[in-house]
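Undergrad: Following this line is final-v7.txt, made up of compact mmCIF, C-alpha atoms:
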```txt
# COMPACT_ATOMS: atom_id res chain seq x y z
CA MET A 12 -23.21 53.69 5.01
CA VAL A 13 -26.20 55.31 3.41
CA LYS A 14 -28.79 52.69 2.57
CA LYS A 15 -29.95 51.84 -0.93
CA ARG A 16 -33.36 53.34 -1.51
CA VAL A 17 -36.54 51.80 -2.88
CA ILE A 18 -38.81 54.51 -4.23
CA PRO A 19 -42.40 53.94 -5.33
CA CYS A 20 -43.31 56.29 -8.17
CA LEU A 21 -46.82 57.60 -8.40
CA ASP A 22 -47.62 58.68 -11.94
CA VAL A 23 -50.34 61.28 -11.54
CA ALA A 24 -52.78 62.31 -14.26
CA GLY A 25 -55.78 64.49 -13.50
CA GLY A 26 -55.19 64.16 -9.76
CA ARG A 27 -55.30 60.33 -9.83
CA VAL A 28 -52.50 57.76 -9.80
CA VAL A 29 -52.20 55.96 -13.14
CA LYS A 30 -49.90 53.44 -14.79
CA GLY A 31 -49.36 52.69 -18.46
CA VAL A 32 -47.05 50.58 -20.57
CA ASN A 33 -44.47 52.58 -22.55
CA PHE A 34 -46.30 55.75 -21.44
CA ARG A 35 -49.54 54.67 -23.19
CA ASP A 36 -52.76 52.90 -22.19
CA LEU A 37 -53.12 54.58 -18.81
CA ARG A 38 -54.97 52.72 -16.06
CA GLU A 39 -56.30 54.45 -12.94
CA LEU A 40 -54.98 53.18 -9.61
CA GLY A 41 -56.34 55.53 -6.94
CA ASP A 42 -55.88 58.66 -4.84
CA PRO A 43 -52.26 59.90 -4.67
CA ILE A 44 -52.27 60.92 -0.99
CA GLU A 45 -53.93 57.68 0.13
CA LEU A 46 -51.43 55.57 -1.79
CA ALA A 47 -48.52 57.74 -0.63
CA THR A 48 -49.51 57.39 3.02
CA ARG A 49 -49.84 53.64 2.59
CA TYR A 50 -46.34 53.40 1.08
CA SER A 51 -44.95 55.55 3.87
CA GLU A 52 -46.40 53.09 6.42
CA LEU A 53 -44.86 50.22 4.46
CA ALA A 54 -41.32 51.66 4.78
CA ALA A 55 -40.96 53.31 1.38
CA ASP A 56 -37.71 55.26 1.54
CA GLU A 57 -38.98 58.13 -0.57
CA LEU A 58 -41.75 58.81 -3.03
CA VAL A 59 -41.86 60.37 -6.46
CA PHE A 60 -44.96 62.07 -7.84
CA LEU A 61 -44.76 62.50 -11.59
CA ASP A 62 -47.48 64.55 -13.24
CA ILE A 63 -47.14 62.62 -16.48
CA THR A 64 -49.67 64.55 -18.52
CA ALA A 65 -48.41 68.00 -17.60
CA THR A 66 -45.82 68.51 -20.32
CA ILE A 67 -48.03 67.20 -23.11
CA GLU A 68 -51.02 69.27 -22.11
CA GLY A 69 -49.07 72.26 -20.82
CA ARG A 70 -50.91 72.04 -17.51
CA ALA A 71 -49.34 73.61 -14.43
CA PRO A 72 -48.09 71.20 -11.78
CA ILE A 73 -50.48 70.17 -9.05
CA VAL A 74 -49.36 72.49 -6.31
CA GLU A 75 -52.36 71.86 -4.09
CA LEU A 76 -51.80 68.11 -4.05
CA ILE A 77 -48.18 68.69 -3.06
CA GLY A 78 -49.20 70.89 -0.14
CA ARG A 79 -51.37 68.11 1.27
CA ALA A 80 -48.63 65.52 0.72
CA ALA A 81 -46.10 67.74 2.53
CA ALA A 82 -48.33 68.07 5.56
CA GLU A 83 -49.32 64.40 5.75
CA LEU A 84 -46.14 62.53 4.83
CA SER A 85 -43.14 61.96 7.07
CA ILE A 86 -40.83 60.66 4.34
CA PRO A 87 -39.24 62.72 1.57
CA PHE A 88 -40.83 63.12 -1.81
CA THR A 89 -39.87 64.43 -5.22
CA VAL A 90 -42.25 66.06 -7.64
CA GLY A 91 -41.81 66.22 -11.38
CA GLY A 92 -43.76 66.60 -14.57
CA GLY A 93 -44.77 69.83 -16.21
CA VAL A 94 -41.98 71.85 -14.67
CA GLN A 95 -41.58 74.54 -17.31
CA GLY A 96 -38.95 76.64 -15.62
CA LEU A 97 -37.68 78.27 -12.47
CA GLU A 98 -41.05 79.60 -11.31
CA ASP A 99 -42.73 76.18 -11.57
CA ALA A 100 -39.89 74.50 -9.70
CA ARG A 101 -40.00 77.18 -7.02
CA ALA A 102 -43.75 76.77 -6.59
CA LEU A 103 -43.35 73.02 -6.06
CA LEU A 104 -40.54 73.37 -3.53
CA ARG A 105 -42.40 76.13 -1.68
CA ALA A 106 -45.52 73.96 -1.61
CA GLY A 107 -43.55 71.34 0.29
CA ALA A 108 -41.76 69.08 -2.19
CA ASP A 109 -38.36 68.03 -0.87
CA LYS A 110 -36.98 67.82 -4.39
CA VAL A 111 -38.12 68.84 -7.80
CA ALA A 112 -37.45 66.73 -10.89
CA VAL A 113 -36.88 68.70 -14.06
CA ASN A 114 -36.86 66.96 -17.39
CA ARG A 115 -37.40 68.76 -20.70
CA ALA A 116 -37.12 72.28 -19.25
CA ALA A 117 -33.61 71.45 -18.04
CA PHE A 118 -32.65 69.87 -21.34
CA ASP A 119 -33.80 72.97 -23.23
CA ASP A 120 -32.29 75.38 -20.70
CA PRO A 121 -29.53 73.70 -18.65
CA PRO A 122 -28.60 76.87 -16.70
CA MET A 123 -31.99 76.63 -14.97
CA LEU A 124 -30.44 73.78 -12.96
CA THR A 125 -27.78 76.20 -11.73
CA SER A 126 -30.38 78.78 -10.75
CA LEU A 127 -32.33 76.15 -8.82
CA ALA A 128 -29.24 74.73 -7.12
CA ASP A 129 -28.07 78.23 -6.13
CA GLU A 130 -31.41 78.97 -4.57
CA PHE A 131 -32.42 75.64 -3.00
CA GLY A 132 -29.24 73.62 -2.94
CA SER A 133 -28.27 70.79 -5.28
CA GLN A 134 -29.91 68.22 -3.01
CA ALA A 135 -33.30 69.62 -4.05
CA VAL A 136 -32.61 69.46 -7.79
CA VAL A 137 -33.22 66.20 -9.64
CA CYS A 138 -32.56 66.02 -13.36
CA ALA A 139 -34.98 63.50 -14.86
CA ILE A 140 -33.68 61.89 -18.02
CA ASP A 141 -35.78 59.63 -20.22
CA ALA A 142 -33.78 57.54 -22.65
CA ARG A 143 -34.51 55.19 -25.53
CA ALA A 144 -31.56 53.12 -26.73
CA GLY A 145 -29.26 55.49 -24.87
CA GLU A 146 -30.66 58.62 -26.51
CA VAL A 147 -32.42 61.38 -24.60
CA VAL A 148 -36.14 61.60 -25.37
CA THR A 149 -38.61 64.17 -24.05
CA HIS A 150 -42.34 64.85 -24.16
CA ALA A 151 -43.24 61.59 -22.40
CA GLY A 152 -41.03 59.62 -24.74
CA ARG A 153 -42.46 61.10 -27.91
CA ARG A 154 -39.55 63.27 -29.02
CA PRO A 155 -36.00 61.97 -29.64
CA ARG A 156 -33.41 64.69 -28.98
CA GLY A 157 -30.27 63.34 -30.64
CA ARG A 158 -28.22 63.53 -27.47
CA ASP A 159 -26.43 60.76 -25.62
CA ALA A 160 -28.04 60.28 -22.19
CA VAL A 161 -24.69 59.76 -20.43
CA ASP A 162 -23.32 63.02 -21.86
CA TRP A 163 -26.43 64.90 -20.86
CA ALA A 164 -26.33 63.45 -17.33
CA ARG A 165 -22.74 64.60 -16.94
CA GLU A 166 -23.60 68.08 -18.17
CA ALA A 167 -26.69 68.32 -15.95
CA VAL A 168 -24.63 67.50 -12.87
CA GLY A 169 -22.10 70.11 -13.94
CA HIS A 170 -24.92 72.63 -13.97
CA GLY A 171 -25.96 71.73 -10.43
CA ALA A 172 -28.29 68.72 -10.51
CA GLY A 173 -27.92 66.80 -7.24
CA GLU A 174 -29.45 63.56 -8.44
CA ILE A 175 -30.28 61.85 -11.73
CA LEU A 176 -33.60 60.07 -12.22
CA LEU A 177 -32.85 57.85 -15.19
CA THR A 178 -35.79 56.21 -16.95
CA SER A 179 -35.40 53.72 -19.75
CA ILE A 180 -38.44 54.12 -21.98
CA ASP A 181 -37.61 50.76 -23.59
CA ALA A 182 -37.82 48.97 -20.24
CA ASP A 183 -40.64 51.00 -18.66
CA GLY A 184 -43.64 48.89 -17.74
CA THR A 185 -42.13 45.64 -19.06
CA ARG A 186 -41.15 44.21 -15.63
CA ALA A 187 -38.16 42.64 -17.38
CA GLY A 188 -35.50 44.50 -15.41
CA TYR A 189 -33.79 47.89 -15.52
CA ASP A 190 -31.53 48.99 -18.37
CA LEU A 191 -28.34 48.02 -16.55
CA GLU A 192 -25.92 49.15 -19.23
CA LEU A 193 -27.34 52.67 -19.24
CA THR A 194 -27.67 52.81 -15.44
CA GLY A 195 -24.07 51.72 -14.98
CA ALA A 196 -22.75 54.14 -17.59
CA VAL A 197 -24.52 57.11 -15.99
CA ALA A 198 -23.60 56.08 -12.43
CA ASP A 199 -19.94 55.83 -13.47
CA ALA A 200 -20.04 59.21 -15.20
CA VAL A 201 -21.40 61.30 -12.30
CA GLU A 202 -20.73 61.76 -8.59
CA VAL A 203 -24.36 62.36 -7.61
CA PRO A 204 -26.78 59.53 -6.78
CA VAL A 205 -28.55 57.88 -9.71
CA ILE A 206 -32.08 56.51 -9.41
CA ALA A 207 -32.71 53.65 -11.82
CA SER A 208 -36.19 53.67 -13.31
CA GLY A 209 -38.23 51.60 -15.71
CA GLY A 210 -38.59 47.82 -15.82
CA ALA A 211 -38.70 46.62 -12.21
CA GLY A 212 -40.41 43.24 -11.91
CA GLU A 213 -38.80 41.51 -8.94
CA ALA A 214 -36.25 42.05 -6.15
CA ARG A 215 -33.44 40.65 -8.30
CA HIS A 216 -33.90 43.53 -10.75
CA LEU A 217 -33.39 46.11 -8.00
CA ALA A 218 -30.31 44.25 -6.79
CA GLU A 219 -28.93 44.32 -10.35
CA ALA A 220 -29.49 48.08 -10.55
CA PHE A 221 -27.65 48.59 -7.23
CA ASP A 222 -24.85 46.39 -8.52
CA ALA A 223 -24.66 48.57 -11.62
CA GLY A 224 -24.13 51.62 -9.41
CA ALA A 225 -27.61 53.00 -8.76
CA GLU A 226 -28.16 54.40 -5.27
CA ALA A 227 -31.90 53.98 -5.56
CA ALA A 228 -34.47 52.11 -7.61
CA LEU A 229 -37.84 53.39 -8.72
CA ILE A 230 -40.75 50.96 -8.71
CA ALA A 231 -44.34 51.38 -9.81
CA SER A 232 -46.58 48.68 -11.24
CA ILE A 233 -45.17 45.86 -9.10
CA VAL A 234 -46.34 47.57 -5.92
CA HIS A 235 -49.37 49.57 -7.04
CA GLU A 236 -51.54 46.50 -7.39
CA ARG A 237 -50.50 45.17 -4.00
CA PRO A 238 -48.64 47.71 -1.77
CA GLU A 239 -47.70 44.94 0.73
CA ARG A 240 -45.29 43.75 -1.94
CA LEU A 241 -43.01 46.67 -0.93
CA PRO A 242 -41.82 45.35 2.46
CA GLU A 243 -41.50 41.88 0.88
CA LEU A 244 -39.23 43.30 -1.81
CA LYS A 245 -37.08 44.99 0.81
CA ALA A 246 -36.84 41.80 2.85
CA GLU A 247 -35.78 39.93 -0.29
CA LEU A 248 -33.13 42.58 -0.97
CA ARG A 249 -31.79 42.17 2.57
CA GLU A 250 -31.59 38.42 1.98
CA LEU A 251 -29.59 39.19 -1.16
CA GLY A 252 -27.16 41.12 1.04
CA TRP A 253 -28.27 44.69 0.33
CA ASN A 254 -28.32 47.33 3.02
CA VAL A 255 -31.92 48.56 2.86
CA ARG A 256 -34.07 50.08 5.57
CA SER A 257 -36.76 47.97 7.20
CA MET B 4 -45.85 75.29 24.03
CA SER B 5 -44.64 78.25 22.01
CA ALA B 6 -42.33 77.19 19.22
CA VAL B 7 -41.33 79.46 16.37
CA LEU B 8 -39.87 78.59 13.01
CA ALA B 9 -37.61 81.39 11.87
CA ASP B 10 -38.71 82.24 8.32
CA TYR B 11 -35.85 83.69 6.33
CA GLY B 12 -37.58 83.46 2.97
CA ALA B 13 -35.84 80.41 1.53
CA GLY B 14 -37.24 76.96 1.13
CA ASN B 15 -40.35 75.51 2.60
CA LEU B 16 -41.15 75.22 6.30
CA ARG B 17 -44.50 73.55 5.94
CA SER B 18 -43.32 69.99 6.52
CA VAL B 19 -41.27 70.98 9.58
CA CYS B 20 -44.24 72.92 10.90
CA SER B 21 -46.59 69.94 10.43
CA ALA B 22 -44.11 67.56 12.06
CA LEU B 23 -43.70 69.85 15.10
CA ALA B 24 -47.47 70.06 15.44
CA ARG B 25 -47.71 66.25 15.34
CA ALA B 26 -45.08 66.14 18.11
CA GLY B 27 -47.32 68.30 20.29
CA ALA B 28 -46.05 71.84 19.72
CA ASP B 29 -48.08 74.81 18.55
CA PRO B 30 -45.63 76.13 15.98
CA ILE B 31 -45.81 79.43 14.16
CA VAL B 32 -43.75 80.45 11.15
CA THR B 33 -42.54 84.02 11.56
CA THR B 34 -40.15 86.69 10.32
CA ASP B 35 -40.72 88.71 13.51
CA ALA B 36 -37.54 89.10 15.56
CA ALA B 37 -39.41 89.79 18.82
CA SER B 38 -41.35 86.51 18.49
CA VAL B 39 -38.16 84.60 17.72
CA ARG B 40 -36.49 86.19 20.75
CA ALA B 41 -39.32 85.34 23.15
CA ALA B 42 -40.45 81.84 22.16
CA GLN B 43 -39.78 78.83 24.36
CA LEU B 44 -38.21 77.07 21.40
CA ALA B 45 -36.86 78.46 18.13
CA VAL B 46 -36.28 76.23 15.14
CA VAL B 47 -34.10 77.22 12.20
CA ALA B 48 -34.76 74.86 9.33
CA GLY B 49 -33.88 75.02 5.70
CA VAL B 50 -32.03 73.74 2.72
CA GLY B 51 -29.50 75.26 0.38
CA HIS B 52 -26.58 77.50 1.14
CA VAL B 53 -25.39 78.71 4.53
CA GLU B 54 -24.65 82.14 3.11
CA ALA B 55 -28.14 82.61 1.65
CA ALA B 56 -29.70 81.45 4.91
CA ALA B 57 -27.51 83.79 6.97
CA ARG B 58 -28.40 86.69 4.68
CA GLY B 59 -32.10 85.83 4.92
CA LEU B 60 -31.97 85.76 8.72
CA ALA B 61 -30.07 89.05 8.88
CA ALA B 62 -32.59 90.78 6.61
CA HIS B 63 -35.19 90.41 9.37
CA GLY B 64 -32.88 90.83 12.33
CA LEU B 65 -33.39 87.14 13.15
CA ASP B 66 -29.63 86.54 13.42
CA ASP B 67 -29.44 88.86 16.43
CA ALA B 68 -32.66 87.40 17.85
CA ILE B 69 -31.04 83.94 17.80
CA ARG B 70 -27.81 85.29 19.33
CA ASP B 71 -29.87 86.89 22.11
CA ARG B 72 -31.65 83.60 22.76
CA ALA B 73 -28.36 81.76 23.02
CA ALA B 74 -26.98 84.39 25.42
CA ALA B 75 -30.13 84.11 27.56
CA GLY B 76 -29.98 80.30 27.56
CA ARG B 77 -33.18 79.83 25.55
CA PRO B 78 -33.15 76.71 23.37
CA THR B 79 -32.64 76.88 19.63
CA ILE B 80 -32.52 73.94 17.24
CA GLY B 81 -31.06 74.01 13.77
CA ILE B 82 -32.14 71.49 11.16
CA CYS B 83 -29.87 70.71 8.18
CA VAL B 84 -28.61 74.12 6.99
CA GLY B 85 -29.94 75.38 10.34
CA LEU B 86 -27.28 73.27 12.08
CA GLN B 87 -24.56 74.50 9.72
CA LEU B 88 -25.64 78.10 10.45
CA LEU B 89 -24.61 77.73 14.08
CA PHE B 90 -20.96 77.46 12.98
CA GLU B 91 -18.41 79.84 11.43
CA GLU B 92 -16.88 79.75 7.94
CA SER B 93 -18.49 77.70 5.21
CA GLU B 94 -16.45 76.13 2.43
CA GLU B 95 -19.21 77.02 -0.05
CA GLY B 96 -18.66 80.69 0.81
CA GLY B 97 -20.06 82.92 3.51
CA ARG B 98 -20.33 82.67 7.27
CA GLY B 99 -22.82 81.26 9.71
CA LEU B 100 -23.78 82.84 13.01
CA GLY B 101 -20.60 81.68 14.73
CA LEU B 102 -22.37 80.56 17.90
CA LEU B 103 -20.38 77.34 17.83
CA ARG B 104 -16.71 77.11 16.88
CA GLY B 105 -15.90 75.18 13.74
CA ASP B 106 -16.43 75.25 10.01
CA VAL B 107 -18.77 73.84 7.39
CA ARG B 108 -17.06 71.73 4.76
CA ARG B 109 -17.99 69.96 1.56
CA LEU B 110 -18.41 66.21 1.92
CA ARG B 111 -15.69 64.05 0.49
CA ALA B 112 -17.38 60.86 -0.68
CA ARG B 113 -17.96 58.92 -3.90
CA ARG B 114 -21.57 60.15 -3.93
CA VAL B 115 -22.37 63.74 -3.04
CA PRO B 116 -25.02 64.83 -2.01
CA HIS B 117 -25.25 62.36 0.88
CA MET B 118 -28.83 61.40 0.10
CA GLY B 119 -30.96 58.87 1.90
CA TRP B 120 -31.36 56.92 5.14
CA ASN B 121 -28.32 56.39 7.30
CA THR B 122 -27.79 54.92 10.75
CA LEU B 123 -27.12 57.18 13.74
CA ARG B 124 -24.28 56.43 16.09
CA ILE B 125 -24.62 58.34 19.34
CA THR B 126 -21.17 59.50 20.46
CA GLY B 127 -21.96 61.84 23.33
CA GLU B 128 -24.53 62.55 25.95
CA CYS B 129 -27.57 64.19 24.38
CA GLU B 130 -31.21 64.62 25.18
CA LEU B 131 -32.21 65.26 21.60
CA LEU B 132 -31.37 61.77 20.40
CA ALA B 133 -32.30 59.81 23.51
CA GLY B 134 -33.31 56.30 22.47
CA LEU B 135 -32.15 56.77 18.89
CA ASP B 136 -28.76 55.05 18.79
CA GLY B 137 -28.87 52.82 15.71
CA ALA B 138 -31.96 54.50 14.26
CA ASP B 139 -32.17 55.29 10.54
CA VAL B 140 -32.84 58.91 9.63
CA TYR B 141 -32.95 60.81 6.35
CA PHE B 142 -30.09 62.97 5.06
CA ALA B 143 -29.91 65.26 2.01
CA HIS B 144 -26.83 67.49 2.05
CA SER B 145 -23.49 68.20 0.40
CA TYR B 146 -21.87 70.09 3.28
CA ALA B 147 -21.50 69.28 6.97
CA ALA B 148 -20.27 70.97 10.13
CA VAL B 149 -16.86 70.14 11.51
CA PRO B 150 -16.97 71.34 15.13
CA ALA B 151 -13.73 72.61 16.65
CA GLU B 152 -14.64 71.00 19.95
CA ARG B 153 -15.13 67.30 19.70
CA ALA B 154 -17.66 67.14 22.54
CA VAL B 155 -20.10 69.34 20.59
CA ALA B 156 -20.77 66.47 18.17
CA VAL B 157 -23.16 64.05 19.83
CA ALA B 158 -23.96 61.75 16.90
CA THR B 159 -22.32 60.71 13.65
CA VAL B 160 -23.04 58.67 10.54
CA ASP B 161 -20.73 57.01 8.07
CA HIS B 162 -20.66 58.06 4.42
CA ASP B 163 -17.17 57.22 3.10
CA GLY B 164 -16.01 58.71 6.40
CA VAL B 165 -17.51 60.16 9.54
CA ILE B 166 -20.09 62.94 9.24
CA VAL B 167 -21.44 64.90 12.21
CA ALA B 168 -25.15 64.12 12.40
CA ALA B 169 -26.08 66.09 15.52
CA VAL B 170 -24.63 68.71 17.85
CA GLU B 171 -25.66 69.85 21.30
CA ALA B 172 -24.05 72.56 23.44
CA GLY B 173 -25.96 74.34 26.18
CA PRO B 174 -29.08 75.92 24.70
CA LEU B 175 -28.00 75.14 21.13
CA ALA B 176 -28.71 71.94 19.28
CA GLY B 177 -28.72 70.87 15.69
CA VAL B 178 -29.40 67.88 13.49
CA GLN B 179 -27.92 67.45 10.02
CA PHE B 180 -30.68 65.05 9.02
CA HIS B 181 -34.35 65.87 8.46
CA PRO B 182 -36.47 64.74 11.44
CA GLU B 183 -39.60 65.93 9.63
CA ARG B 184 -38.81 63.45 6.87
CA SER B 185 -37.48 60.60 9.00
CA GLY B 186 -40.68 58.74 9.83
CA ALA B 187 -41.15 57.46 13.38
CA ALA B 188 -37.49 58.03 14.34
CA GLY B 189 -37.78 61.65 13.26
CA ALA B 190 -40.98 62.11 15.25
CA ARG B 191 -39.14 60.87 18.31
CA VAL B 192 -36.34 63.40 17.76
CA LEU B 193 -38.87 66.23 17.63
CA ALA B 194 -40.68 64.95 20.74
CA ASN B 195 -37.30 64.83 22.52
CA ALA B 196 -36.58 68.36 21.30
CA LEU B 197 -39.81 69.65 22.80
CA ALA B 198 -39.09 67.92 26.12
CA TRP B 199 -35.55 69.35 26.06
CA SER B 200 -36.79 72.90 25.50
CA ARG B 201 -39.41 72.60 28.24
CA SER B 202 -36.76 71.62 30.74
CA ALA B 203 -34.28 74.29 29.62
```
Could you spell out this file's structure in C-alpha cells?
TA:
Amino acid sequence: MVKKRVIPCLDVAGGRVVKGVNFRDLRELGDPIELATRYSELAADELVFLDITATIEGRAPIVELIGRAAAELSIPFTVGGGVQGLEDARALLRAGADKVAVNRAAFDDPPMLTSLADEFGSQAVVCAIDARAGEVVTHAGRRPRGRDAVDWAREAVGHGAGEILLTSIDADGTRAGYDLELTGAVADAVEVPVIASGGAGEARHLAEAFDAGAEAALIASIVHERPERLPELKAELRELGWNVRS
Amino acid sequence: MSAVLADYGAGNLRSVCSALARAGADPIVTTDAASVRAAQLAVVAGVGHVEAAARGLAAHGLDDAIRDRAAAGRPTIGICVGLQLLFEESEEGGRGLGLLRGDVRRLRARRVPHMGWNTLRITGECELLAGLDGADVYFAHSYAAVPAERAVAVATVDHDGVIVAAVEAGPLAGVQFHPERSGAAGARVLANALAWSRSA
C-alpha cells in the first residue's frame, strides 16, 4: 500500500523560510533550498513551499527559487502562494514544481482547476483550503468567505483538484494537534488524498490525522528548529503501527 | 553518453534532465526528430493526459522518431505518462503509440490519484530495476497501463489492487513512478537505465 506521507512545509517570505503563529509574528528560519535539501536527506516524503506573503502583497511567485529546487531536489515538491490564475500555475509547473497549490484563485474561479487538470493532469493540481471553525477563509486567514470547507473541497475535486491541502487556521502554530473533525469530514467527502495541516506538535498528532483519513500530514515548526526531529517522528509513527517510509 | 529527452511541449523536463545528469548522462531536451532518432537513449517523460502527450509528440514528428528507434532496436524509456504512451487505447480518451499491446485504464482505488511512496515488487526479469525489489519509489498518477502480455510487466505495486509499476520489452522500457523524484532508489533506476542502454 501507498505509505502515509510526512511533509515539511517551508513558508517562504522574501526568499527566506519563516514561521509565525496564526499567520502573524513571522520569524526567519533560513534559506529555503538549504533547508529543503536537509529535509530530503532526512527522508522527508515531499516538501511544500508556500509563498505566504504573495497573495497579500500581490507579488508573483518565486519562479527562480523553484527552478533551483527542481534541479537540486530528488523528492517531489508542491508550490503555492500567490497563484493568481492559470498563467502563474503554469509558470510554477514549468519551472519544475511537481504540483501547484491553488487557494484563493481557485475559490474565486473554480473552473481554473479544470483547466489546470486538463493541461497537467489532476495529480499536479492541489487545492489549498484554509478553514476557521469549518468555514473557508482566504487572504492568509484574513477574509472569511461564508462557505463550508467540506462543501468547497468536494466541489474543488469535482473541478479536477487531485489533492486537498487542508489547513486549520485555528490549530496552525499551536502544536496542539490537527483539526481532526474537519480532516475526517473532508477525507470522507472526497476520493483524492487529503493533507492535514496546522497544529502538529508530536508524532501522536500525525497518527491521529492518519486515523481520521488523511493520507499525509504537513509539519513545520516542530522540525524547523531541529530538522533531525523528522526521522525521529517517522520512527515513532512506525512504532505506532503506521506504514511510513524510512 | 547521448541521451535525449523528447520535448513535446507539456510539463517540465528539468527535474528529469537534472536527475539523468546526476546519473552520469549528458542529456539534452529537444523537439528535433533527427536527434531523437539517433540518440543512444531516448527518454519520454511527462505528466497529464496520454492524448495530449501523443498529440505533442506527433506535432514534432517525435512519434515516428520513437517508432523508428523501436524498430531499429534502440532503447527508449517512458516515465509516468511516457510509459502509458507506449500502449494503445487510453480510458481517458485518445491513443498512445501502440508499440506495446494493452490499454491504459483509470485506477480503481479508494484514493485516486495514487500519490506517494509505494514498495516495488519485481515480478519479472529486468535490468532497469536490478537491486530494487522492495524499494520505495514515488508515484503520482490516476491511470495505469494494463499490458496484454503478462510478461511485459516486470514490477508491480499494491494500491487497493495490483498496479503495473514497470514494463520492459526489447528496446522499450517504462516506469510508472518518478525516478527523478524517488531519492536514492530513483537514482539507481536511472543508473541502471543508462547501463541498459549502453549494452543495447
Undergrad: Please find the residues of chain B near chain A - the criterion being any atom within 6 Å, counting all atoms listed in the file - and write them as a ChimeraX atom specification.
TA: /B:14-15,18,21,51,114-115,120-121,143-144,161-162,183-186
Undergrad: Counting only C-alpha atoms, what is within 8 Å of Asp66 in chain B, bar same-chain residues fewer than 6 positions away, as a list in words?
TA: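 Neighbouring residues, sequence-local ones excluded: Ala57, Leu60 and Leu100 of chain B.
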Undergrad: Would you mind telling me which residue in B:Val157, B:Val19, B:Leu44, B:Val7 lies nearest to Pro174 in chain B when using only C-alpha atoms?
TA: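 Among the listed residues, the smallest separation from Pro174 in chain B belongs to B:Leu44.
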Undergrad: I'd like the interatomic distance between CA of Ala28 in chain B and CA of Ala47 in chain A, to a tenth of an Å.
TA: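 Result for CA of Ala28 in chain B versus CA of Ala47 in chain A: 24.9 Å, one decimal.
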Undergrad: Might you pull out every residue within 6 Å of Ser93 in chain B, with only C-alpha atoms counted and same-chain residues fewer than 3 positions away left off, and present them as a ChimeraX atom specification?
TA: /B:96-98,106-107
Undergrad: Just the number, please: distance in Å from CA of Leu23 in chain B to CA of Leu135 in chain B, one decimal.
TA: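 So the two atoms, CA of Leu23 in chain B and CA of Leu135 in chain B, lie 17.9 Å apart.
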Undergrad: Please identify all polymer residues within 9 Å of Ala194 in chain B, counting all atoms listed in the file, omitting same-chain residues fewer than 5 positions from it, and present them as a VMD selection string.
TA: chain B and resid 23 25 to 28 131 189 199
Undergrad: Would you list the contacts of Ile18 in chain A as a PyMOL selection string, taking every protein, DNA or RNA residue within 7 Å and counting all atoms listed in the file, but skipping same-chain residues closer than 3 positions in sequence?
TA: chain A and resi 55-59+228-230
Undergrad: Would you work out the distance separating CA of Leu89 in chain B from CA of Ala190 in chain B, expressed in Å to one decimal?
TA: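 Computing the Euclidean distance for CA of Leu89 in chain B and CA of Ala190 in chain B yields 22.7 Å.
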Undergrad: Range 41-47 of chain A, all listed atoms, 3 Å padding on each side: what axis-aligned box centre and edge lengths in Å to one decimal come out, as JSON?
TA:
```
{"center_x": -52.4, "center_y": 58.2, "center_z": -3.4, "size_x": 13.8, "size_y": 11.4, "size_z": 13.1}
```
Undergrad: I need the residue nearest Asp136 in chain B from this list: B:Ala112, B:Gly119, B:Arg191, B:Pro150. Use all atoms listed in the file for the distance.
TA: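 Closest to Asp136 in chain B, using all atoms listed in the file: B:Arg191.
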Undergrad: Quick one: everything within 8 Å of Cys20 in chain B, counting all atoms listed in the file, minus sequence neighbours fewer than 5 positions away in the same chain. Send it as a PyMOL selection string.
TA: chain B and resi 8+30-32
Undergrad: Which residue is closest to Ile80 in chain B? Choose from B:Ala36, B:Met118, B:Leu175, B:Ala147 and count all atoms listed in the file.
TA: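 Closest residue, counting all atoms listed in the file: B:Leu175.
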Undergrad: With the input short on atoms, add N, CA and C atoms back to range 175-186 of chain B and write it as an mmCIF file, keeping the file's coordinate frame.
TA:
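Written out: result-v8.cif:
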```cif
data_model
loop_
_atom_site.group_PDB
_atom_site.id
_atom_site.type_symbol
_atom_site.label_atom_id
_atom_site.label_comp_id
_atom_site.auth_asym_id
_atom_site.auth_seq_id
_atom_site.Cartn_x
_atom_site.Cartn_y
_atom_site.Cartn_z
ATOM 1 N N LEU B 175 -28.025 75.319 22.585
ATOM 2 C CA LEU B 175 -28.000 75.140 21.130
ATOM 3 C C LEU B 175 -27.946 73.667 20.762
ATOM 4 N N ALA B 176 -28.748 73.306 19.786
ATOM 5 C CA ALA B 176 -28.710 71.940 19.280
ATOM 6 C C ALA B 176 -28.932 71.971 17.780
ATOM 7 N N GLY B 177 -28.498 70.927 17.122
ATOM 8 C CA GLY B 177 -28.720 70.870 15.690
ATOM 9 C C GLY B 177 -28.674 69.440 15.185
ATOM 10 N N VAL B 178 -29.442 69.182 14.147
ATOM 11 C CA VAL B 178 -29.400 67.880 13.490
ATOM 12 C C VAL B 178 -29.158 68.094 12.008
ATOM 13 N N GLN B 179 -28.230 67.323 11.440
ATOM 14 C CA GLN B 179 -27.920 67.450 10.020
ATOM 15 C C GLN B 179 -28.986 66.746 9.172
ATOM 16 N N PHE B 180 -29.642 65.778 9.753
ATOM 17 C CA PHE B 180 -30.680 65.050 9.020
ATOM 18 C C PHE B 180 -32.015 65.805 9.117
ATOM 19 N N HIS B 181 -33.037 65.234 8.490
ATOM 20 C CA HIS B 181 -34.350 65.870 8.460
ATOM 21 C C HIS B 181 -35.344 65.082 9.324
ATOM 22 N N PRO B 182 -35.537 65.485 10.584
ATOM 23 C CA PRO B 182 -36.470 64.740 11.440
ATOM 24 C C PRO B 182 -37.891 64.743 10.865
ATOM 25 N N GLU B 183 -38.242 65.833 10.184
ATOM 26 C CA GLU B 183 -39.600 65.930 9.630
ATOM 27 C C GLU B 183 -39.811 64.976 8.466
ATOM 28 N N ARG B 184 -38.720 64.380 7.990
ATOM 29 C CA ARG B 184 -38.810 63.450 6.870
ATOM 30 C C ARG B 184 -38.218 62.082 7.236
ATOM 31 N N SER B 185 -38.120 61.835 8.540
ATOM 32 C CA SER B 185 -37.480 60.600 9.000
ATOM 33 C C SER B 185 -38.446 59.670 9.730
ATOM 34 N N GLY B 186 -39.701 59.693 9.316
ATOM 35 C CA GLY B 186 -40.680 58.740 9.830
ATOM 36 C C GLY B 186 -40.787 58.762 11.342
#
```
